[in-house]
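Input: a single structure, listed below in C-alpha cells.
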Amino acid sequence: MSDRRLRVPARVVRELREALLQADEQERFAFVDAGTGPAPGHGKPDAPADAEGSADAPDLLASEVVPVPDEQLARQSKTACRPEPAVERDHVGDCYDRQLAPVLVHSHPFSDDPRFSSIDVEAMGRFREWLTGLFPDRPFGFAVVGQSGIEAVANAGERFAALPVEVVGGWKLDDPVPGAVDRFTPTDGGERDGATASNGDAPTADTDTLGGDDGVGDRFDRNVRALGTDGQRRLHDATVGVVGVGGIGSQVAEQFARLGVGELVLVDPDTVEPSNLPRLVGAYDHHVGKPKVEAVREHAWRSSPADIDVTAVAEPVQEVPERLADCDLVVGCVDRVSARSFCNEWAVKHLTYYVDAGVRIDTTDDRVVGMTGYVHLVAPGSTACFDCLGRHDQEAARIERLSPDEREAELERGYIDTEQVSPEPAVIHLNGLCASKTVSVATDVVTGVKVPPDFIRYEDTAHEMTALTTEPSRECPTCGDEGVLGVGQRSFGDAQFTPEDGPETATSD
C-alpha cells in the first residue's frame, strides 16, 4: 500500500452509521478524531508522491467517533446540518491539543453512495480558510456517510484531495462499504518496481521460471490454482514483517518466501545458539554465534524468486518501530511478553493487521502433560487485541525488565521460581503446525480468498483445533474507549495496564 488514505476500523464504521443514519432521515454530524501515520511504503526510494509532491503525507487513522447532539447543531434538516460554531471550535482545539486530527463528518441519509454536494464544498472551503489561518500546518479532513458508502477528503495545501477509505477488518461488517480500498490490492497489475535485496546481495534465481514481473508464472502455478491470479499478485505486492525468527518465525519466513511474498522485514536481536539448531529452519552449525536474522534471510533468498526484498534487522523491535511502518501486515513470533505487547500496541495505534503466534508445552516430572499452540489475529477495532483477552502477563514482563544481577538476586531470595527464567520446552513439529496456521491466517487477510479466523487454538494431546470469534472490549486498556486505538505517531507506553492474575503464557521458540 502506498497511496494516502483514511483508515477506519469496522467498529468506527458501525458507530458512524448508528449515530448519523436515523429513521427521521435528518442529516447529522459527528467528529472523528484521527491519528496520523505514514502509509506503508512511504519513505522508500520508489514511494509515489502525494498530491502535493511529498511522499511523507500521512494517512488519517480513525480513532474515535464523537457525535454532536441535535441540540448542538446550528442548522439541521434533511438536506443540511452544521454544528454551533463554539462546538466546532472547541472540539477542533481539543483534538489538536491531543495530537490528533479532526475529520468532520455529516450524513446524507437519502443516498446509498454519497458525494459531497456543491453546498458542502462551499462550506468546506470556508472552513479550510478559517482553520488554516489558526493552524496552518495541521492535518484535517471531511467525510460524508450514506446508507452504505463513505466519501472523504483531506486538506492538501490550497485544495482538498480525495482520501480513499480503507476499512480495517471490513469482513466484520454486515453491510460492506462500497468502493472501499484494500491495502493489499496490487499496484500497476502487481509489478513491484525497485525490488532489491537489503543488507547484502541475494543469491540469484532463474527468473525464467517466474513468468513475468508480477509474481505470477510457472513457479507459482500451483499457488494460482489455489489462490487465484489476483491472490498471487497480492502476495507478491505485500510487505510482511516477521518479528522473532526462532522456531516458529523461521518457518513463517520460509513459507512466506515460498508463497511469493514480495518483501519481508525480519526483526530479531538474538544470535544462533547450538540449542536452536533442531528448530531454527535455515540455520546450521556455521551460523552459531551469528544473528538469527542473517541465517533466516539467507534461507528465504534460497527459497524464493530473485526479486524478493528481505531486510534483516538484528535489534529489539522496541528500538526500531520505524521498520514496521513499511509493513502491510506484521507477524509476531516472539517469546518475550514485552515484545509481544509492543507489537500489539503498535498495530492498534497504527491500525495495522497483526498476527500473533506461540506454543506452550507443560511438563510434570519430565513428562509432557500438555502441548498447545495458538494463532491470534488482531484487526484493530474489529477483533480483540492482545490485552482484550488478558494476555499481558504482568509478572513475566516485570522479570524481563530485570538486569541479570537483579534477576539473580530475586532468584536467591525466592521471589522468582527457577522455572520462570528457565528455557521453555520446544519441538519443531509443534512449531511447524503453528507456523503453517499463522501463514494460513495471514494469507487469508492478504488475498481475501476466505474470511480469516479471529483466534485458533490447537491442543496437541487431543489433536483438536478450534477456531474462535473475538470482539474488541470497550474496557481494554489498549484498544478500548480509553486506549490508544488509531492514535498513530505518539510515544509508546500510553496504554495503562491494570494488574491481574497472570494468564498462561505461550512461547514461540
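Here's how to read the names in the C-alpha cells: chain A, B, ... by the order shown, residue numbers from 1 in each chain, ligand numbers from 1 in the order shown.
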Write out as a list of chain:residue names the residues lying within 8 Å of A:Gln489, counting only C-alpha atoms and excluding same-chain residues fewer than 3 positions away. A:Gly35, A:Thr36, A:Gly37, A:Lys349, A:His350
Tell me, as a ChimeraX atom specification, which residues lie within 6 Å of A:Ala101, counting only C-alpha atoms; anything in the same chain fewer than 5 positions away does not count. /A:33-34,139-140
I need the residues from that last selection saved to file as a CSV table (one decimal), in the first residue's frame (with N, CA, C and O atoms), if you can.
chain,number,residue,atom,x,y,z
A,33,ASP,N,-12.1,11.8,15.6
A,33,ASP,CA,-10.7,12.1,15.9
A,33,ASP,C,-9.7,11.1,15.4
A,33,ASP,O,-9.9,9.9,15.6
A,34,ALA,N,-8.7,11.6,14.7
A,34,ALA,CA,-7.9,10.7,13.9
A,34,ALA,C,-6.4,10.9,14.2
A,34,ALA,O,-6.0,12.1,14.3
A,139,PRO,N,-3.1,18.7,9.9
A,139,PRO,CA,-4.0,17.9,9.0
A,139,PRO,C,-5.4,17.9,9.5
A,139,PRO,O,-5.7,18.0,10.7
A,140,PHE,N,-6.4,17.9,8.5
A,140,PHE,CA,-7.8,17.7,8.9
A,140,PHE,C,-8.5,17.1,7.6
A,140,PHE,O,-7.9,17.1,6.5
Going by DSSP on the backbone, which bits of stretch 439-487 of chain A are helix (DSSP H, G or I)? Write them as JSON, numbers by chain, please. {"A": [439, 440, 441, 442, 443, 444, 445, 446, 447]}
Prev. selection, all heavy atoms, output as an mmCIF file, in the first residue's frame:
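Here's the written file out25.cif:
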data_model
loop_
_atom_site.group_PDB
_atom_site.id
_atom_site.type_symbol
_atom_site.label_atom_id
_atom_site.label_comp_id
_atom_site.auth_asym_id
_atom_site.auth_seq_id
_atom_site.Cartn_x
_atom_site.Cartn_y
_atom_site.Cartn_z
ATOM 1 N N VAL A 439 0.655 -18.635 8.822
ATOM 2 C CA VAL A 439 0.750 -18.217 7.424
ATOM 3 C C VAL A 439 -0.607 -18.342 6.742
ATOM 4 O O VAL A 439 -0.987 -17.509 5.909
ATOM 5 C CB VAL A 439 1.821 -19.038 6.689
ATOM 6 C CG1 VAL A 439 1.816 -18.742 5.197
ATOM 7 C CG2 VAL A 439 3.200 -18.741 7.277
ATOM 8 N N SER A 440 -1.384 -19.356 7.103
ATOM 9 C CA SER A 440 -2.722 -19.521 6.535
ATOM 10 C C SER A 440 -3.610 -18.335 6.869
ATOM 11 O O SER A 440 -4.306 -17.786 5.998
ATOM 12 C CB SER A 440 -3.351 -20.818 7.056
ATOM 13 O OG SER A 440 -4.678 -20.960 6.585
ATOM 14 N N VAL A 441 -3.601 -17.900 8.138
ATOM 15 C CA VAL A 441 -4.413 -16.751 8.554
ATOM 16 C C VAL A 441 -3.948 -15.488 7.827
ATOM 17 O O VAL A 441 -4.758 -14.710 7.300
ATOM 18 C CB VAL A 441 -4.349 -16.565 10.076
ATOM 19 C CG1 VAL A 441 -4.998 -15.240 10.490
ATOM 20 C CG2 VAL A 441 -5.037 -17.725 10.788
ATOM 21 N N ALA A 442 -2.631 -15.276 7.784
ATOM 22 C CA ALA A 442 -2.107 -14.088 7.106
ATOM 23 C C ALA A 442 -2.456 -14.104 5.621
ATOM 24 O O ALA A 442 -2.790 -13.063 5.037
ATOM 25 C CB ALA A 442 -0.594 -14.010 7.294
ATOM 26 N N THR A 443 -2.402 -15.269 5.003
ATOM 27 C CA THR A 443 -2.740 -15.387 3.586
ATOM 28 C C THR A 443 -4.211 -15.069 3.339
ATOM 29 O O THR A 443 -4.571 -14.432 2.342
ATOM 30 C CB THR A 443 -2.400 -16.794 3.063
ATOM 31 O OG1 THR A 443 -0.999 -17.030 3.244
ATOM 32 C CG2 THR A 443 -2.733 -16.943 1.586
ATOM 33 N N ASP A 444 -5.076 -15.480 4.261
ATOM 34 C CA ASP A 444 -6.489 -15.116 4.157
ATOM 35 C C ASP A 444 -6.650 -13.599 4.158
ATOM 36 O O ASP A 444 -7.438 -13.035 3.382
ATOM 37 C CB ASP A 444 -7.288 -15.706 5.320
ATOM 38 C CG ASP A 444 -7.448 -17.211 5.236
ATOM 39 O OD1 ASP A 444 -7.198 -17.784 4.156
ATOM 40 O OD2 ASP A 444 -7.811 -17.818 6.264
ATOM 41 N N VAL A 445 -5.941 -12.911 5.053
ATOM 42 C CA VAL A 445 -6.046 -11.457 5.148
ATOM 43 C C VAL A 445 -5.543 -10.796 3.870
ATOM 44 O O VAL A 445 -6.172 -9.881 3.330
ATOM 45 C CB VAL A 445 -5.257 -10.933 6.371
ATOM 46 C CG1 VAL A 445 -5.264 -9.411 6.403
ATOM 47 C CG2 VAL A 445 -5.849 -11.475 7.671
ATOM 48 N N VAL A 446 -4.405 -11.252 3.372
ATOM 49 C CA VAL A 446 -3.786 -10.619 2.206
ATOM 50 C C VAL A 446 -4.594 -10.867 0.932
ATOM 51 O O VAL A 446 -4.862 -9.949 0.151
ATOM 52 C CB VAL A 446 -2.336 -11.115 2.013
ATOM 53 C CG1 VAL A 446 -1.750 -10.582 0.711
ATOM 54 C CG2 VAL A 446 -1.464 -10.688 3.200
ATOM 55 N N THR A 447 -4.982 -12.108 0.699
ATOM 56 C CA THR A 447 -5.619 -12.466 -0.577
ATOM 57 C C THR A 447 -7.119 -12.245 -0.583
ATOM 58 O O THR A 447 -7.709 -12.051 -1.647
ATOM 59 C CB THR A 447 -5.351 -13.941 -0.924
ATOM 60 O OG1 THR A 447 -5.992 -14.780 0.058
ATOM 61 C CG2 THR A 447 -3.856 -14.236 -0.960
#
Spatial neighbours of A:Glu166, max dist 6 Å, only C-alpha atoms, sep filter under 5 positions, as an NGL selection string: :A and (7 or 180-182)
Neighbour list for stretch 277-283 of chain A as an mmCIF file with N, CA, C and O atoms, in the first residue's frame, cut-off 12 Å, only C-alpha atoms, skip fewer than 2 positions in-chain:
data_model
loop_
_atom_site.group_PDB
_atom_site.id
_atom_site.type_symbol
_atom_site.label_atom_id
_atom_site.label_comp_id
_atom_site.auth_asym_id
_atom_site.auth_seq_id
_atom_site.Cartn_x
_atom_site.Cartn_y
_atom_site.Cartn_z
ATOM 1 N N GLY A 244 10.682 -11.801 15.424
ATOM 2 C CA GLY A 244 11.043 -13.058 16.064
ATOM 3 C C GLY A 244 11.198 -14.140 15.017
ATOM 4 O O GLY A 244 10.211 -14.573 14.417
ATOM 5 N N VAL A 245 12.437 -14.579 14.768
ATOM 6 C CA VAL A 245 12.669 -15.596 13.736
ATOM 7 C C VAL A 245 13.315 -16.833 14.351
ATOM 8 O O VAL A 245 14.287 -17.378 13.848
ATOM 9 N N GLY A 246 12.724 -17.286 15.460
ATOM 10 C CA GLY A 246 13.175 -18.509 16.099
ATOM 11 C C GLY A 246 12.461 -19.716 15.525
ATOM 12 O O GLY A 246 12.282 -19.844 14.311
ATOM 13 N N GLY A 247 12.020 -20.610 16.421
ATOM 14 C CA GLY A 247 11.433 -21.864 15.981
ATOM 15 C C GLY A 247 10.201 -21.701 15.119
ATOM 16 O O GLY A 247 10.012 -22.428 14.139
ATOM 17 N N ILE A 248 9.327 -20.761 15.461
ATOM 18 C CA ILE A 248 8.137 -20.510 14.650
ATOM 19 C C ILE A 248 8.441 -19.502 13.550
ATOM 20 O O ILE A 248 8.129 -19.710 12.378
ATOM 21 N N GLY A 249 9.074 -18.411 13.912
ATOM 22 C CA GLY A 249 9.292 -17.326 12.960
ATOM 23 C C GLY A 249 10.129 -17.713 11.769
ATOM 24 O O GLY A 249 9.886 -17.233 10.650
ATOM 25 N N SER A 250 11.124 -18.592 11.950
ATOM 26 C CA SER A 250 11.942 -19.001 10.809
ATOM 27 C C SER A 250 11.105 -19.786 9.800
ATOM 28 O O SER A 250 11.279 -19.632 8.583
ATOM 29 N N GLN A 251 10.180 -20.610 10.287
ATOM 30 C CA GLN A 251 9.314 -21.360 9.378
ATOM 31 C C GLN A 251 8.273 -20.456 8.725
ATOM 32 O O GLN A 251 7.921 -20.643 7.554
ATOM 33 N N VAL A 252 7.780 -19.472 9.468
ATOM 34 C CA VAL A 252 6.856 -18.494 8.891
ATOM 35 C C VAL A 252 7.535 -17.742 7.752
ATOM 36 O O VAL A 252 6.968 -17.567 6.663
ATOM 37 N N ALA A 253 8.780 -17.308 7.977
ATOM 38 C CA ALA A 253 9.506 -16.554 6.953
ATOM 39 C C ALA A 253 9.722 -17.404 5.697
ATOM 40 O O ALA A 253 9.551 -16.932 4.568
ATOM 41 N N GLU A 254 10.102 -18.665 5.889
ATOM 42 C CA GLU A 254 10.307 -19.537 4.734
ATOM 43 C C GLU A 254 9.018 -19.726 3.949
ATOM 44 O O GLU A 254 9.009 -19.658 2.713
ATOM 45 N N GLN A 255 7.921 -19.952 4.652
ATOM 46 C CA GLN A 255 6.658 -20.183 3.948
ATOM 47 C C GLN A 255 6.213 -18.940 3.185
ATOM 48 O O GLN A 255 5.705 -19.037 2.061
ATOM 49 N N THR A 271 21.184 -14.097 18.653
ATOM 50 C CA THR A 271 22.123 -14.850 17.824
ATOM 51 C C THR A 271 21.789 -16.344 17.909
ATOM 52 O O THR A 271 21.115 -16.798 18.829
ATOM 53 N N VAL A 272 22.282 -17.088 16.936
ATOM 54 C CA VAL A 272 22.023 -18.520 16.880
ATOM 55 C C VAL A 272 22.857 -19.230 17.942
ATOM 56 O O VAL A 272 24.070 -19.025 18.054
ATOM 57 N N GLU A 273 22.192 -20.077 18.730
ATOM 58 C CA GLU A 273 22.857 -20.903 19.730
ATOM 59 C C GLU A 273 22.731 -22.372 19.321
ATOM 60 O O GLU A 273 21.814 -22.737 18.573
ATOM 61 N N PRO A 274 23.627 -23.221 19.809
ATOM 62 C CA PRO A 274 23.538 -24.644 19.434
ATOM 63 C C PRO A 274 22.170 -25.255 19.714
ATOM 64 O O PRO A 274 21.679 -26.082 18.932
ATOM 65 N N SER A 275 21.529 -24.845 20.823
ATOM 66 C CA SER A 275 20.227 -25.423 21.172
ATOM 67 C C SER A 275 19.125 -24.975 20.235
ATOM 68 O O SER A 275 18.017 -25.533 20.251
ATOM 69 N N ASP A 285 25.406 -25.378 11.663
ATOM 70 C CA ASP A 285 26.482 -25.197 12.631
ATOM 71 C C ASP A 285 27.283 -23.921 12.382
ATOM 72 O O ASP A 285 27.687 -23.235 13.331
ATOM 73 N N HIS A 286 27.511 -23.581 11.123
ATOM 74 C CA HIS A 286 28.347 -22.412 10.845
ATOM 75 C C HIS A 286 27.639 -21.094 11.160
ATOM 76 O O HIS A 286 28.272 -20.032 11.117
ATOM 77 N N HIS A 287 26.330 -21.158 11.469
ATOM 78 C CA HIS A 287 25.611 -19.939 11.849
ATOM 79 C C HIS A 287 25.689 -19.651 13.344
ATOM 80 O O HIS A 287 25.277 -18.562 13.774
ATOM 81 N N VAL A 288 26.160 -20.584 14.147
ATOM 82 C CA VAL A 288 26.214 -20.386 15.598
ATOM 83 C C VAL A 288 27.037 -19.135 15.896
ATOM 84 O O VAL A 288 28.144 -18.946 15.379
ATOM 85 N N GLY A 289 26.458 -18.268 16.730
ATOM 86 C CA GLY A 289 27.106 -17.012 17.087
ATOM 87 C C GLY A 289 26.756 -15.854 16.185
ATOM 88 O O GLY A 289 27.079 -14.706 16.494
ATOM 89 N N LYS A 290 26.084 -16.140 15.057
ATOM 90 C CA LYS A 290 25.685 -15.089 14.139
ATOM 91 C C LYS A 290 24.216 -14.711 14.386
ATOM 92 O O LYS A 290 23.447 -15.483 14.949
ATOM 93 N N PRO A 291 23.797 -13.516 13.953
ATOM 94 C CA PRO A 291 22.394 -13.122 14.135
ATOM 95 C C PRO A 291 21.428 -14.103 13.468
ATOM 96 O O PRO A 291 21.662 -14.555 12.345
ATOM 97 N N LYS A 292 20.351 -14.413 14.153
ATOM 98 C CA LYS A 292 19.338 -15.294 13.579
ATOM 99 C C LYS A 292 18.790 -14.736 12.273
ATOM 100 O O LYS A 292 18.505 -15.477 11.327
ATOM 101 N N VAL A 293 18.618 -13.411 12.229
ATOM 102 C CA VAL A 293 18.006 -12.824 11.037
ATOM 103 C C VAL A 293 18.881 -13.046 9.800
ATOM 104 O O VAL A 293 18.361 -13.134 8.674
ATOM 105 N N GLU A 294 20.191 -13.137 9.978
ATOM 106 C CA GLU A 294 21.055 -13.380 8.820
ATOM 107 C C GLU A 294 20.860 -14.797 8.284
ATOM 108 O O GLU A 294 20.782 -15.006 7.067
ATOM 109 N N ALA A 295 20.779 -15.769 9.189
ATOM 110 C CA ALA A 295 20.569 -17.151 8.747
ATOM 111 C C ALA A 295 19.224 -17.297 8.050
ATOM 112 O O ALA A 295 19.123 -17.947 6.991
ATOM 113 N N VAL A 296 18.196 -16.697 8.616
ATOM 114 C CA VAL A 296 16.857 -16.834 8.040
ATOM 115 C C VAL A 296 16.750 -16.049 6.735
ATOM 116 O O VAL A 296 16.076 -16.480 5.795
ATOM 117 N N ARG A 297 17.431 -14.908 6.656
ATOM 118 C CA ARG A 297 17.426 -14.148 5.413
ATOM 119 C C ARG A 297 18.054 -14.967 4.276
ATOM 120 O O ARG A 297 17.507 -15.045 3.168
ATOM 121 N N GLU A 298 19.185 -15.581 4.545
ATOM 122 C CA GLU A 298 19.836 -16.407 3.527
ATOM 123 C C GLU A 298 18.899 -17.523 3.061
ATOM 124 O O GLU A 298 18.786 -17.813 1.864
ATOM 125 N N HIS A 299 18.223 -18.139 4.024
ATOM 126 C CA HIS A 299 17.327 -19.246 3.684
ATOM 127 C C HIS A 299 16.127 -18.747 2.874
ATOM 128 O O HIS A 299 15.675 -19.425 1.931
ATOM 129 N N ALA A 300 15.614 -17.569 3.235
ATOM 130 C CA ALA A 300 14.486 -17.005 2.485
ATOM 131 C C ALA A 300 14.892 -16.718 1.048
ATOM 132 O O ALA A 300 14.129 -16.977 0.109
ATOM 133 N N TRP A 301 16.088 -16.182 0.841
ATOM 134 C CA TRP A 301 16.567 -15.924 -0.511
ATOM 135 C C TRP A 301 16.619 -17.208 -1.330
ATOM 136 O O TRP A 301 16.248 -17.233 -2.502
ATOM 137 N N ARG A 302 17.103 -18.278 -0.712
ATOM 138 C CA ARG A 302 17.251 -19.537 -1.442
ATOM 139 C C ARG A 302 15.906 -20.248 -1.662
ATOM 140 O O ARG A 302 15.822 -21.198 -2.426
ATOM 141 N N SER A 303 14.884 -19.776 -0.965
ATOM 142 C CA SER A 303 13.565 -20.405 -1.071
ATOM 143 C C SER A 303 12.624 -19.640 -1.973
ATOM 144 O O SER A 303 11.459 -20.021 -2.099
ATOM 145 N N PRO A 425 10.313 -25.719 27.100
ATOM 146 C CA PRO A 425 10.395 -26.871 26.185
ATOM 147 C C PRO A 425 9.925 -26.461 24.796
ATOM 148 O O PRO A 425 9.050 -25.602 24.652
ATOM 149 N N ALA A 426 10.510 -27.052 23.766
ATOM 150 C CA ALA A 426 10.112 -26.720 22.394
ATOM 151 C C ALA A 426 10.477 -27.859 21.457
ATOM 152 O O ALA A 426 11.520 -28.494 21.620
ATOM 153 N N VAL A 427 9.592 -28.131 20.491
ATOM 154 C CA VAL A 427 9.845 -29.172 19.487
ATOM 155 C C VAL A 427 9.419 -28.643 18.125
ATOM 156 O O VAL A 427 8.475 -27.864 18.001
ATOM 157 N N ILE A 428 10.110 -29.083 17.089
ATOM 158 C CA ILE A 428 9.901 -28.496 15.773
ATOM 159 C C ILE A 428 8.529 -28.820 15.198
ATOM 160 O O ILE A 428 7.948 -27.996 14.473
ATOM 161 N N HIS A 429 7.960 -29.993 15.500
ATOM 162 C CA HIS A 429 6.689 -30.324 14.851
ATOM 163 C C HIS A 429 5.547 -29.461 15.367
ATOM 164 O O HIS A 429 4.648 -29.088 14.612
ATOM 165 N N LEU A 430 5.551 -29.107 16.658
ATOM 166 C CA LEU A 430 4.524 -28.204 17.182
ATOM 167 C C LEU A 430 4.728 -26.800 16.614
ATOM 168 O O LEU A 430 3.765 -26.124 16.233
ATOM 169 N N ASN A 431 5.985 -26.365 16.554
ATOM 170 C CA ASN A 431 6.275 -25.071 15.940
ATOM 171 C C ASN A 431 5.808 -25.030 14.488
ATOM 172 O O ASN A 431 5.241 -24.031 14.031
ATOM 173 N N GLY A 432 6.063 -26.125 13.763
ATOM 174 C CA GLY A 432 5.706 -26.155 12.356
ATOM 175 C C GLY A 432 4.211 -26.062 12.129
ATOM 176 O O GLY A 432 3.746 -25.368 11.215
ATOM 177 N N ALA A 435 3.256 -22.507 12.832
ATOM 178 C CA ALA A 435 3.728 -21.624 11.765
ATOM 179 C C ALA A 435 2.821 -21.715 10.541
ATOM 180 O O ALA A 435 2.480 -20.696 9.926
ATOM 181 N N SER A 508 7.362 -18.873 21.561
ATOM 182 C CA SER A 508 7.416 -19.079 20.111
ATOM 183 C C SER A 508 8.748 -19.683 19.694
ATOM 184 O O SER A 508 9.128 -19.593 18.548
ATOM 185 N N ASP A 509 9.471 -20.258 20.626
ATOM 186 C CA ASP A 509 10.783 -20.808 20.285
ATOM 187 C C ASP A 509 10.627 -22.176 19.631
ATOM 188 O O ASP A 509 9.799 -22.956 20.035
#
Check stretch 233-350 of chain A with DSSP on the backbone and list each residue it calls strand (DSSP E), as a count of residues only. 19
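Atom CA of A:Arg98 is positioned 29.8 Å from atom CA of A:Asp356.
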Excluding A:Phe160 and any residue of its chain fewer than 5 positions from it, enumerate the residues within 9 Å of it, using only C-alpha atoms, and give them as a count of residues only. 5
Can you measure atom CA of A:Val165 to atom CA of A:Gly332 for me? One decimal in Å is fine.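 Distance reported for this atom pair: 26.7 Å.
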Top pick for closest residue to A:Pro109, considering A:Gln26, A:Gln76, A:Ser382, A:Thr363 and counting only C-alpha atoms: A:Gln26
Please list as a PyMOL selection string every residue within 12 Å of stretch 467-476 of chain A, counting only C-alpha atoms and excluding residues in the same chain fewer than 6 positions away. chain A and resi 9-12+64+169+172+345+348+374-392+437+441+451-459+482-485+495-498
Closest to A:Tyr353 among A:His91, A:Arg4, A:Arg128, A:Arg183, using only C-alpha atoms?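 Among the listed residues, A:Arg183 lies closest to A:Tyr353.
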Out of A:Ser436, A:Gln99, A:Ser107, A:Ser338, which residue has the shortest atom-to-atom distance to A:Phe142 when counting only C-alpha atoms? A:Ser107
Kindly indicate which residue among A:His463, A:His108, A:Arg14, A:Arg360 lies nearest to A:Asp174, using only C-alpha atoms for the distances. A:Arg14
What gap, in Å, lies between atom CA of A:Val65 and atom CA of A:Pro178?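 Answer for the atom CA of A:Val65 to atom CA of A:Pro178 separation: 20.6 Å.
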